[in-house]
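Q: The file below is final_33.cif, mmCIF, C-alpha atoms:
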data_query
#
loop_
_atom_site.label_atom_id
_atom_site.label_comp_id
_atom_site.auth_asym_id
_atom_site.auth_seq_id
_atom_site.Cartn_x
_atom_site.Cartn_y
_atom_site.Cartn_z
CA MET L 1 23.07 -5.13 14.87
CA LYS L 2 22.40 -2.95 11.84
CA ALA L 3 19.20 -2.94 9.80
CA VAL L 4 18.62 -2.79 6.05
CA ILE L 5 15.34 -1.68 4.47
CA LEU L 6 14.61 -2.69 0.88
CA ALA L 7 12.87 0.26 -0.79
CA ALA L 8 14.02 0.23 -4.40
CA GLY L 9 11.03 -1.34 -6.17
CA GLN L 10 8.37 0.49 -8.15
CA GLY L 11 5.26 -1.49 -7.21
CA VAL L 12 3.64 -1.86 -10.62
CA ARG L 13 0.76 -3.83 -9.08
CA LEU L 14 -0.20 -0.68 -7.18
CA TRP L 15 -0.69 1.35 -10.35
CA PRO L 16 -1.78 4.16 -10.74
CA LEU L 17 -0.58 5.32 -7.31
CA THR L 18 3.02 4.39 -8.14
CA GLU L 19 3.11 6.46 -11.32
CA THR L 20 4.05 9.45 -9.22
CA ARG L 21 5.59 8.01 -6.02
CA PRO L 22 7.43 4.92 -4.80
CA LYS L 23 5.05 2.46 -3.16
CA HIS L 24 6.85 2.92 0.15
CA LEU L 25 5.50 6.49 0.40
CA ILE L 26 1.82 5.64 -0.14
CA PRO L 27 0.05 6.83 3.02
CA VAL L 28 -1.91 4.55 5.32
CA GLY L 29 -3.25 5.77 8.64
CA GLY L 30 -2.07 9.28 7.82
CA ARG L 31 1.59 8.58 7.06
CA PRO L 32 3.80 6.71 4.56
CA ILE L 33 4.12 2.93 4.74
CA ILE L 34 7.89 3.08 5.27
CA SER L 35 7.44 5.17 8.44
CA TYR L 36 5.86 2.16 10.18
CA VAL L 37 8.90 0.05 9.30
CA ILE L 38 11.23 2.75 10.65
CA GLU L 39 9.21 3.06 13.86
CA SER L 40 9.15 -0.71 14.45
CA LEU L 41 12.93 -0.91 13.98
CA ARG L 42 13.53 1.98 16.37
CA LYS L 43 11.31 0.41 19.03
CA ASN L 44 13.45 -2.72 18.80
CA GLY L 45 16.64 -0.77 19.45
CA PHE L 46 17.90 -0.23 15.90
CA SER L 47 19.60 3.12 15.44
CA ASP L 48 21.68 2.54 12.28
CA ILE L 49 19.63 1.83 9.18
CA LEU L 50 20.61 1.48 5.54
CA VAL L 51 17.83 2.09 3.01
CA ILE L 52 18.26 0.51 -0.43
CA VAL L 53 16.65 2.91 -2.91
CA GLY L 54 16.03 2.88 -6.65
CA TYR L 55 12.74 3.96 -8.23
CA ARG L 56 12.09 7.65 -7.43
CA ARG L 57 14.76 7.49 -4.77
CA GLU L 58 14.83 11.28 -4.35
CA ALA L 59 11.34 11.17 -2.82
CA ILE L 60 12.33 8.58 -0.21
CA GLN L 61 15.53 10.44 0.62
CA ALA L 62 13.62 13.72 0.96
CA TYR L 63 11.14 12.11 3.36
CA LEU L 64 13.60 10.20 5.56
CA GLY L 65 16.57 12.59 5.32
CA ASP L 66 19.39 11.56 7.63
CA GLY L 67 16.87 9.97 10.01
CA SER L 68 17.40 12.48 12.82
CA ARG L 69 13.74 13.45 13.03
CA PHE L 70 12.94 9.76 13.62
CA GLY L 71 15.65 9.43 16.28
CA ILE L 72 17.90 7.21 14.13
CA SER L 73 20.72 7.42 11.59
CA VAL L 74 19.78 6.67 7.97
CA LYS L 75 22.20 6.02 5.14
CA TYR L 76 21.43 5.05 1.55
CA ALA L 77 22.63 2.66 -1.12
CA VAL L 78 21.32 2.70 -4.68
CA GLN L 79 20.21 -0.39 -6.57
CA PRO L 80 21.08 0.79 -10.11
CA HIS L 81 18.60 -1.49 -11.84
CA ILE L 82 15.58 -3.20 -10.31
CA ALA L 83 16.85 -6.77 -10.37
CA GLY L 84 15.21 -8.45 -7.39
CA THR L 85 15.50 -8.71 -3.63
CA ALA L 86 18.79 -10.62 -3.61
CA ASP L 87 20.41 -7.97 -5.79
CA ALA L 88 19.03 -5.27 -3.46
CA ILE L 89 20.54 -6.95 -0.39
CA ARG L 90 23.84 -7.29 -2.26
CA GLN L 91 24.12 -3.48 -2.13
CA ALA L 92 24.37 -3.67 1.69
CA GLU L 93 27.52 -5.81 1.86
CA GLY L 94 29.92 -2.93 2.46
CA TYR L 95 27.62 -1.44 5.10
CA VAL L 96 27.03 -4.50 7.30
CA GLY L 97 30.52 -6.01 7.06
CA SER L 98 30.97 -9.43 8.69
CA GLU L 99 28.24 -9.07 11.30
CA PRO L 100 24.67 -10.45 11.13
CA PHE L 101 22.08 -7.86 10.17
CA LEU L 102 18.31 -7.54 9.94
CA ALA L 103 16.74 -7.04 6.50
CA VAL L 104 13.12 -6.02 5.93
CA TYR L 105 10.98 -5.06 2.97
CA GLY L 106 9.93 -1.42 3.15
CA ASP L 107 6.55 -1.83 1.44
CA GLN L 108 4.71 -3.69 4.18
CA LEU L 109 2.95 -2.74 7.38
CA ILE L 110 5.02 -4.36 10.06
CA PHE L 111 4.66 -3.87 13.80
CA PRO L 112 7.34 -4.07 16.51
CA GLU L 113 6.27 -7.48 17.79
CA SER L 114 7.15 -9.12 14.45
CA ILE L 115 10.72 -7.83 14.57
CA LYS L 116 10.95 -8.78 18.24
CA LYS L 117 9.97 -12.38 17.40
CA VAL L 118 12.62 -12.71 14.68
CA LEU L 119 15.31 -11.33 16.99
CA ALA L 120 14.21 -13.73 19.73
CA VAL L 121 14.66 -16.74 17.43
CA HIS L 122 18.07 -15.39 16.40
CA GLU L 123 19.11 -15.10 20.08
CA THR L 124 17.61 -18.45 21.11
CA TYR L 125 19.45 -20.47 18.47
CA ARG L 126 22.47 -18.19 18.17
CA HIS L 127 21.94 -18.61 14.47
CA ASN L 128 22.76 -16.10 11.75
CA THR L 129 19.95 -16.94 9.33
CA VAL L 130 16.34 -16.48 10.43
CA MET L 131 13.29 -16.04 8.21
CA ALA L 132 9.93 -14.63 9.33
CA LEU L 133 6.89 -16.61 8.20
CA ALA L 134 3.19 -15.79 8.29
CA THR L 135 -0.02 -17.64 7.45
CA VAL L 136 -2.12 -16.20 4.58
CA ASP L 137 -5.26 -17.13 2.66
CA GLU L 138 -3.71 -16.80 -0.84
CA PRO L 139 -0.22 -18.32 -0.64
CA GLU L 140 0.20 -18.46 -4.43
CA TYR L 141 1.06 -14.74 -4.41
CA TYR L 142 4.03 -15.24 -2.06
CA GLY L 143 7.06 -17.40 -1.46
CA VAL L 144 5.58 -20.57 0.03
CA VAL L 145 7.67 -22.16 2.78
CA SER L 146 7.78 -25.70 4.16
CA ILE L 147 9.21 -26.21 7.64
CA GLU L 148 10.36 -29.12 9.77
CA GLY L 149 10.31 -28.20 13.43
CA SER L 150 12.17 -24.88 13.75
CA ARG L 151 13.99 -25.33 10.44
CA VAL L 152 13.01 -24.08 6.98
CA LYS L 153 12.98 -27.07 4.65
CA SER L 154 12.16 -25.47 1.28
CA ILE L 155 11.02 -22.21 -0.34
CA VAL L 156 9.07 -21.94 -3.60
CA GLU L 157 8.61 -18.41 -4.92
CA LYS L 158 5.04 -17.68 -6.15
CA PRO L 159 4.15 -21.25 -7.16
CA GLU L 160 1.29 -22.10 -9.48
CA MET L 161 -1.91 -22.78 -7.55
CA ARG L 162 -1.83 -26.52 -8.20
CA ASN L 163 1.66 -26.71 -6.71
CA VAL L 164 0.97 -24.78 -3.51
CA ALA L 165 1.96 -26.78 -0.44
CA GLY L 166 0.49 -25.11 2.64
CA ASN L 167 -0.23 -21.47 3.46
CA LEU L 168 2.92 -20.53 5.37
CA VAL L 169 4.73 -17.80 3.42
CA ASN L 170 7.76 -15.57 3.45
CA ALA L 171 7.00 -12.36 5.36
CA GLY L 172 9.93 -10.33 4.01
CA LEU L 173 11.81 -10.04 7.30
CA TYR L 174 15.15 -11.76 7.98
CA VAL L 175 18.24 -11.95 10.12
CA LEU L 176 21.11 -12.69 7.73
CA GLY L 177 24.78 -13.43 8.22
CA PRO L 178 27.71 -12.62 5.91
CA GLN L 179 27.37 -16.02 4.21
CA ILE L 180 24.29 -14.70 2.42
CA PHE L 181 26.49 -12.65 0.10
CA SER L 182 28.30 -15.74 -1.16
CA ALA L 183 24.93 -17.39 -1.80
CA ILE L 184 23.69 -14.29 -3.65
CA SER L 185 26.76 -14.37 -5.91
CA GLU L 186 25.77 -17.92 -6.93
CA THR L 187 22.07 -17.14 -7.38
CA ARG L 188 20.66 -17.24 -10.89
CA LYS L 189 17.77 -15.19 -12.22
CA SER L 190 14.33 -16.59 -11.49
CA ARG L 191 11.64 -17.17 -14.11
CA ARG L 192 10.55 -13.59 -13.38
CA GLY L 193 13.96 -12.37 -14.48
CA GLU L 194 15.04 -11.33 -10.98
CA PHE L 195 17.57 -12.42 -8.38
CA GLU L 196 15.38 -13.58 -5.48
CA ILE L 197 16.61 -13.65 -1.88
CA THR L 198 14.48 -16.77 -1.38
CA ASP L 199 16.58 -18.54 -4.05
CA ALA L 200 19.75 -17.50 -2.22
CA LEU L 201 18.33 -18.89 1.02
CA GLN L 202 17.43 -22.11 -0.79
CA LEU L 203 21.06 -22.40 -1.89
CA LEU L 204 22.17 -22.13 1.75
CA ILE L 205 19.74 -24.90 2.69
CA LYS L 206 20.99 -27.06 -0.19
CA ASP L 207 24.58 -26.58 0.99
CA GLY L 208 23.67 -27.79 4.49
CA SER L 209 23.20 -24.48 6.29
CA GLU L 210 20.18 -24.13 8.53
CA VAL L 211 17.60 -21.40 8.07
CA LYS L 212 15.51 -20.98 11.21
CA ALA L 213 11.79 -20.13 11.04
CA ALA L 214 10.18 -17.38 13.09
CA ILE L 215 6.40 -17.59 12.77
CA ILE L 216 4.83 -14.16 13.33
CA GLU L 217 1.22 -13.25 14.01
CA ARG L 218 -0.85 -12.28 10.99
CA GLU L 219 -2.16 -9.22 12.88
CA SER L 220 1.37 -7.80 13.20
CA TRP L 221 2.20 -7.96 9.49
CA ILE L 222 0.35 -6.92 6.34
CA ASP L 223 1.92 -7.28 2.91
CA ILE L 224 0.91 -4.39 0.64
CA GLY L 225 1.29 -5.75 -2.86
CA ARG L 226 -2.14 -5.17 -4.40
CA PRO L 227 -4.44 -2.13 -4.37
CA TRP L 228 -6.97 -3.52 -1.89
CA ASP L 229 -4.19 -4.37 0.58
CA LEU L 230 -3.95 -0.63 1.18
CA LEU L 231 -7.44 -0.63 2.68
CA GLU L 232 -6.60 -3.46 5.07
CA ALA L 233 -3.35 -1.76 6.08
CA ASN L 234 -5.11 1.59 6.55
CA GLU L 235 -7.74 0.00 8.79
CA ARG L 236 -5.07 -1.75 10.88
CA ALA L 237 -2.95 1.38 11.19
CA LEU L 238 -5.88 3.59 12.21
CA LYS L 239 -6.74 1.24 15.05
CA GLU L 240 -3.33 2.05 16.56
CA CYS L 241 -3.57 5.84 16.18
CA GLY L 242 -5.49 6.74 19.33
CA HIS L 243 -7.59 9.87 19.91
CA ARG L 244 -6.28 13.43 19.61
CA ILE L 245 -7.98 16.73 18.76
CA GLU L 246 -5.56 19.52 17.80
CA GLY L 247 -7.60 21.38 15.19
CA VAL L 248 -10.95 23.19 15.40
CA VAL L 249 -14.17 21.25 15.96
CA GLU L 250 -17.19 23.53 15.73
CA GLU L 251 -20.35 23.18 17.79
CA GLY L 252 -22.88 20.75 16.37
CA VAL L 253 -20.30 18.17 15.28
CA VAL L 254 -20.97 14.54 16.22
CA ALA L 255 -17.66 12.78 16.83
CA VAL L 256 -17.35 9.15 17.90
CA PRO L 257 -13.73 8.33 18.99
CA PRO L 258 -11.07 7.41 18.21
CA ILE L 259 -10.42 10.38 15.93
CA ILE L 260 -7.29 12.40 15.18
CA VAL L 261 -7.88 15.98 14.02
CA SER L 262 -4.49 17.49 13.22
CA ASN L 263 -3.30 21.08 13.59
CA ASP L 264 -5.09 23.70 11.46
CA ALA L 265 -7.79 21.22 10.45
CA LYS L 266 -11.40 22.35 10.79
CA ILE L 267 -14.50 20.22 11.31
CA ARG L 268 -17.53 22.36 10.58
CA THR L 269 -20.97 22.18 12.15
CA GLY L 270 -23.33 19.36 11.27
CA THR L 271 -20.50 16.97 10.36
CA VAL L 272 -20.61 13.39 11.65
CA LEU L 273 -17.33 11.56 12.32
CA ILE L 274 -17.31 7.90 13.32
CA GLY L 275 -13.83 6.67 14.21
CA PRO L 276 -11.28 5.44 13.72
CA ILE L 277 -10.52 8.43 11.48
CA PHE L 278 -7.41 10.49 10.75
CA VAL L 279 -7.73 14.08 9.49
CA GLY L 280 -4.51 15.73 8.28
CA GLU L 281 -3.24 19.27 8.77
CA GLY L 282 -5.16 22.07 7.11
CA SER L 283 -8.08 19.93 5.96
CA GLU L 284 -11.66 21.15 6.18
CA LEU L 285 -14.68 18.87 6.53
CA GLY L 286 -18.29 19.97 6.22
CA PRO L 287 -20.58 21.52 7.02
CA ASN L 288 -23.04 18.62 7.07
CA CYS L 289 -20.91 15.79 5.71
CA ARG L 290 -20.37 12.30 7.10
CA VAL L 291 -17.07 10.44 7.44
CA ARG L 292 -17.32 6.85 8.58
CA PRO L 293 -14.84 4.36 10.10
CA CYS L 294 -11.38 3.57 8.75
CA THR L 295 -11.00 6.73 6.69
CA SER L 296 -7.65 8.48 6.43
CA ILE L 297 -7.70 12.08 5.14
CA GLY L 298 -4.46 13.78 4.15
CA LYS L 299 -3.31 17.39 4.38
CA LYS L 300 -5.33 20.29 2.93
CA VAL L 301 -8.21 18.08 1.82
CA GLY L 302 -11.65 19.59 1.38
CA ILE L 303 -14.79 17.52 1.89
CA GLY L 304 -17.94 19.60 1.42
CA PRO L 305 -21.63 19.48 2.31
CA PHE L 306 -23.63 16.27 1.95
CA CYS L 307 -20.65 14.07 1.08
CA ASP L 308 -20.36 10.58 2.53
CA VAL L 309 -16.95 8.91 2.85
CA LYS L 310 -16.19 5.50 4.36
CA ASN L 311 -13.22 3.17 4.67
CA SER L 312 -11.06 5.15 2.25
CA ILE L 313 -7.75 6.94 1.84
CA ILE L 314 -8.02 10.53 0.60
CA MET L 315 -4.56 11.91 -0.17
CA ASP L 316 -3.16 15.43 0.23
CA GLY L 317 -4.86 18.29 -1.57
CA ALA L 318 -7.87 16.33 -2.84
CA LYS L 319 -11.18 18.20 -3.20
CA VAL L 320 -14.56 16.55 -2.72
CA PRO L 321 -16.82 19.64 -2.81
CA HIS L 322 -20.40 18.34 -2.34
CA LEU L 323 -23.00 15.64 -2.93
CA THR L 324 -20.42 12.90 -3.48
CA TYR L 325 -20.09 9.32 -2.20
CA ILE L 326 -16.72 7.61 -1.73
CA GLY L 327 -16.51 4.10 -0.33
CA ASP L 328 -13.65 1.59 0.03
CA SER L 329 -11.42 3.61 -2.28
CA VAL L 330 -8.06 5.34 -2.59
CA ILE L 331 -8.12 8.88 -3.97
CA GLY L 332 -4.76 10.30 -5.10
CA GLU L 333 -3.29 13.71 -4.41
CA ARG L 334 -5.01 16.83 -5.76
CA CYS L 335 -7.95 14.93 -7.26
CA ASN L 336 -11.04 17.07 -7.80
CA LEU L 337 -14.40 15.30 -7.80
CA GLY L 338 -17.34 17.14 -9.38
CA ALA L 339 -20.67 17.48 -7.58
CA GLY L 340 -22.67 14.27 -7.55
CA THR L 341 -19.72 11.97 -8.27
CA ASN L 342 -20.64 8.49 -7.10
CA ILE L 343 -18.19 5.69 -6.51
CA ALA L 344 -19.80 2.27 -6.60
CA ASN L 345 -18.21 -0.15 -4.15
CA LEU L 346 -20.70 -3.03 -4.33
CA ARG L 347 -21.67 -5.16 -7.31
CA LEU L 348 -25.36 -5.53 -8.09
CA ASP L 349 -25.05 -9.32 -7.71
CA ASN L 350 -23.14 -9.00 -4.39
CA ALA L 351 -20.23 -11.00 -5.82
CA THR L 352 -16.65 -10.18 -4.84
CA VAL L 353 -15.06 -7.40 -6.88
CA LYS L 354 -12.48 -8.19 -9.56
CA THR L 355 -9.93 -5.69 -10.82
CA LEU L 356 -7.12 -5.68 -13.36
CA VAL L 357 -3.62 -6.08 -11.93
CA ARG L 358 -0.86 -5.98 -14.55
CA GLY L 359 -3.43 -6.70 -17.24
CA ARG L 360 -4.91 -9.72 -15.49
CA ALA L 361 -8.33 -9.86 -13.81
CA ILE L 362 -7.78 -10.67 -10.12
CA ASP L 363 -10.48 -11.36 -7.56
CA SER L 364 -9.92 -8.99 -4.65
CA GLY L 365 -11.86 -11.29 -2.35
CA ARG L 366 -13.65 -8.18 -1.12
CA ARG L 367 -17.39 -7.78 -1.43
CA LYS L 368 -16.91 -4.02 -1.12
CA PHE L 369 -14.14 -2.40 -3.14
CA GLY L 370 -14.43 0.96 -4.90
CA VAL L 371 -11.84 2.67 -7.10
CA ILE L 372 -8.20 3.72 -7.18
CA LEU L 373 -7.57 7.20 -8.59
CA GLY L 374 -4.08 8.39 -9.44
CA ASP L 375 -2.96 11.93 -8.71
CA ASP L 376 -4.69 14.96 -10.29
CA VAL L 377 -7.72 13.06 -11.60
CA ARG L 378 -10.83 15.19 -12.23
CA THR L 379 -14.42 14.00 -12.48
CA GLY L 380 -17.39 15.95 -13.87
CA ILE L 381 -20.78 16.34 -12.25
CA ASN L 382 -22.92 13.23 -11.87
CA SER L 383 -20.15 10.88 -13.02
CA SER L 384 -20.23 7.30 -11.74
CA LEU L 385 -17.27 4.94 -11.32
CA MET L 386 -17.92 1.21 -11.05
CA PRO L 387 -16.32 -1.17 -8.51
CA GLY L 388 -12.70 -2.10 -9.10
CA VAL L 389 -11.96 0.63 -11.65
CA LYS L 390 -8.57 2.38 -11.68
CA VAL L 391 -7.91 5.76 -13.27
CA GLY L 392 -4.42 6.93 -14.25
CA SER L 393 -2.95 10.21 -13.12
CA ARG L 394 -4.12 13.50 -14.67
CA SER L 395 -7.09 11.90 -16.42
CA TRP L 396 -10.50 13.56 -16.73
CA ILE L 397 -13.80 11.72 -16.43
CA GLY L 398 -16.49 13.91 -17.95
CA PRO L 399 -19.98 14.81 -16.68
CA GLY L 400 -22.49 11.97 -16.66
CA VAL L 401 -19.96 9.28 -17.61
CA VAL L 402 -20.48 5.78 -16.21
CA LEU L 403 -16.94 4.37 -16.08
CA GLU L 404 -16.74 0.58 -16.20
CA ARG L 405 -13.11 -0.04 -17.12
CA ASP L 406 -9.62 1.20 -16.28
CA VAL L 407 -8.38 4.44 -17.82
CA GLN L 408 -4.71 5.11 -18.51
CA GLU L 409 -2.94 8.30 -17.48
CA ASP L 410 -3.53 11.62 -19.31
CA THR L 411 -6.83 10.43 -20.81
CA THR L 412 -10.15 12.26 -21.18
CA VAL L 413 -13.39 10.25 -21.16
CA LEU L 414 -16.51 12.10 -22.35
CA LEU L 415 -20.14 11.12 -22.80
CA LYS L 416 -20.98 11.29 -26.49
CA GLN L 417 -24.01 13.45 -27.30
CA GLN L 418 -26.40 12.71 -30.12
CA ILE L 419 -27.79 15.39 -32.48
CA ILE L 420 -31.49 14.94 -33.38
CA ARG L 421 -33.20 16.91 -36.19
CA SER L 422 -36.66 18.18 -35.27
CA ARG L 423 -39.34 16.74 -37.57
CA LYS L 424 -41.72 19.65 -36.96
CA ARG L 425 -39.62 22.72 -37.61
CA GLY L 426 -36.54 21.34 -39.27
CA ARG L 427 -34.21 22.75 -36.67
CA GLU L 428 -31.48 20.82 -34.88
CA THR L 429 -31.71 20.19 -31.18
CA LYS L 430 -29.25 18.53 -28.88
CA GLY L 431 -30.32 15.33 -27.22
#
Represent the supplied structure as structure tokens.
A:
Amino acid sequence: MKAVILAAGQGVRLWPLTETRPKHLIPVGGRPIISYVIESLRKNGFSDILVIVGYRREAIQAYLGDGSRFGISVKYAVQPHIAGTADAIRQAEGYVGSEPFLAVYGDQLIFPESIKKVLAVHETYRHNTVMALATVDEPEYYGVVSIEGSRVKSIVEKPEMRNVAGNLVNAGLYVLGPQIFSAISETRKSRRGEFEITDALQLLIKDGSEVKAAIIERESWIDIGRPWDLLEANERALKECGHRIEGVVEEGVVAVPPIIVSNDAKIRTGTVLIGPIFVGEGSELGPNCRVRPCTSIGKKVGIGPFCDVKNSIIMDGAKVPHLTYIGDSVIGERCNLGAGTNIANLRLDNATVKTLVRGRAIDSGRRKFGVILGDDVRTGINSSLMPGVKVGSRSWIGPGVVLERDVQEDTTVLLKQQIIRSRKRGRETKG
């Protein structure tokens, strides 16, 4: 059986990280999301994989190449315009031929046991159409599925809250037969203006074909559609990483496993590491900083004295020189945080943090959630960023600024100074 990975979408809900990369290449646990999908497929015996690419496809092709370094063969098909999951799967018709194939979304953290479960249902029923389902707390953000025994009865894509029937949702993992292409050709655009694979599956059901349900464990699948999902995925991935020290750990470092310190990384004296933590190649931590659980640090990152980092993703080339706090946040590549930068991750009233997603205020459901910084963001000394704020790529946040709202890319935010005239001597002084 061949496999098809859908990796053409942009991921606008993950702005600003997707300004400069496809969402499939956002790192969690020290490596891109799509690498976990590739690994899970390989562990289930898949060696021939087609990747459907579109947005910033060159980056995905550069990372995966021909697949040889992953022990597989990778080929590519281009979705010319982002027109939905059904349209993406349509691009695979010439590759898979008349045989059943496995299709999976490339922007989710999926573990081998999920794929194994779907294949088991396919083998048990000798049935060409199988759909993976998972239980979630917020089904309104997914395709909600009703089942009857082992059979899928109906699928409603992202229903309004009042119309949600149950919390069993589409997990973006299928075994599909050649009949799916006929259903796709009859599928009309959804209210979102896209051709949805769930609508094609609904057409099969309407025409009397059975779609079998494979219910997977929530722990073996994490959808990464919103910024805070990255933190959950990073935490889950780090728990699978194990313990490995390849770089230099100086005397006087306190390290609580599991921790990965990659080649050419240096942990300087007085630093405290509490795992699980991943430290990428060429990074330098300390002296005298603290990195707490569920933190993933990319390549050539610098974290200086008296910094405190917890439950965050710090991407390649970022600099956090000294006296800075980062909590429950994602920091893009090559960001440079001035001394005394503080990221607030907890509201004063202890309420859950809301953030704007596609212009709409969404409750993250997280009591602790910091900020998302795009690539090449700079902050000045003693700047403060409030919970849930997102900053677009290449923006500057000036010294002393308290940032309470999102900032678009290529923007400079400065604290306005006031000029006061001295009453005694008539001279001007800066206040």
Q: Expanded to explicit residues, what is the PyMOL selection byres ((chain L and resi 411) around 9) for this file, as a PyMOL selection string?
A: chain L and resi 391-397+407-410+412-413
Q: Figure out the distance between atom CA of Lys299 of chain L and atom CA of Gly282 of chain L, please, to one decimal in Å.
A: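 The value is 5.7 Å.
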Q: In Å, how far is it from atom CA of Lys354 of chain L to atom CA of Asn167 of chain L?
A: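 Going from atom CA of Lys354 of chain L over to atom CA of Asn167 of chain L covers 22.3 Å.
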Q: Once the PyMOL selection byres ((chain L and resi 47) around 8) is applied to the coordinates I shared, what remains selected? I want it as a count of residues only.
A: 10
Q: Starting from the displayed file, determine the output of the PyMOL selection byres ((chain L and resi 362) around 12) and express the residue list as an mmCIF file with C-alpha atoms, in the coordinates of the input.
A:
data_model
loop_
_atom_site.group_PDB
_atom_site.id
_atom_site.type_symbol
_atom_site.label_atom_id
_atom_site.label_comp_id
_atom_site.auth_asym_id
_atom_site.auth_seq_id
_atom_site.Cartn_x
_atom_site.Cartn_y
_atom_site.Cartn_z
ATOM 1 C CA ARG L 13 0.760 -3.830 -9.080
ATOM 2 C CA GLU L 138 -3.710 -16.800 -0.840
ATOM 3 C CA TYR L 141 1.060 -14.740 -4.410
ATOM 4 C CA ARG L 226 -2.140 -5.170 -4.400
ATOM 5 C CA PRO L 227 -4.440 -2.130 -4.370
ATOM 6 C CA TRP L 228 -6.970 -3.520 -1.890
ATOM 7 C CA THR L 352 -16.650 -10.180 -4.840
ATOM 8 C CA VAL L 353 -15.060 -7.400 -6.880
ATOM 9 C CA LYS L 354 -12.480 -8.190 -9.560
ATOM 10 C CA THR L 355 -9.930 -5.690 -10.820
ATOM 11 C CA LEU L 356 -7.120 -5.680 -13.360
ATOM 12 C CA VAL L 357 -3.620 -6.080 -11.930
ATOM 13 C CA ARG L 358 -0.860 -5.980 -14.550
ATOM 14 C CA GLY L 359 -3.430 -6.700 -17.240
ATOM 15 C CA ARG L 360 -4.910 -9.720 -15.490
ATOM 16 C CA ALA L 361 -8.330 -9.860 -13.810
ATOM 17 C CA ASP L 363 -10.480 -11.360 -7.560
ATOM 18 C CA SER L 364 -9.920 -8.990 -4.650
ATOM 19 C CA GLY L 365 -11.860 -11.290 -2.350
ATOM 20 C CA ARG L 366 -13.650 -8.180 -1.120
ATOM 21 C CA GLY L 388 -12.700 -2.100 -9.100
#
Q: Which distance in Å separates atom CA of Gln79 of chain L and atom CA of Gly54 of chain L, to one decimal?
A: 5.3 Å
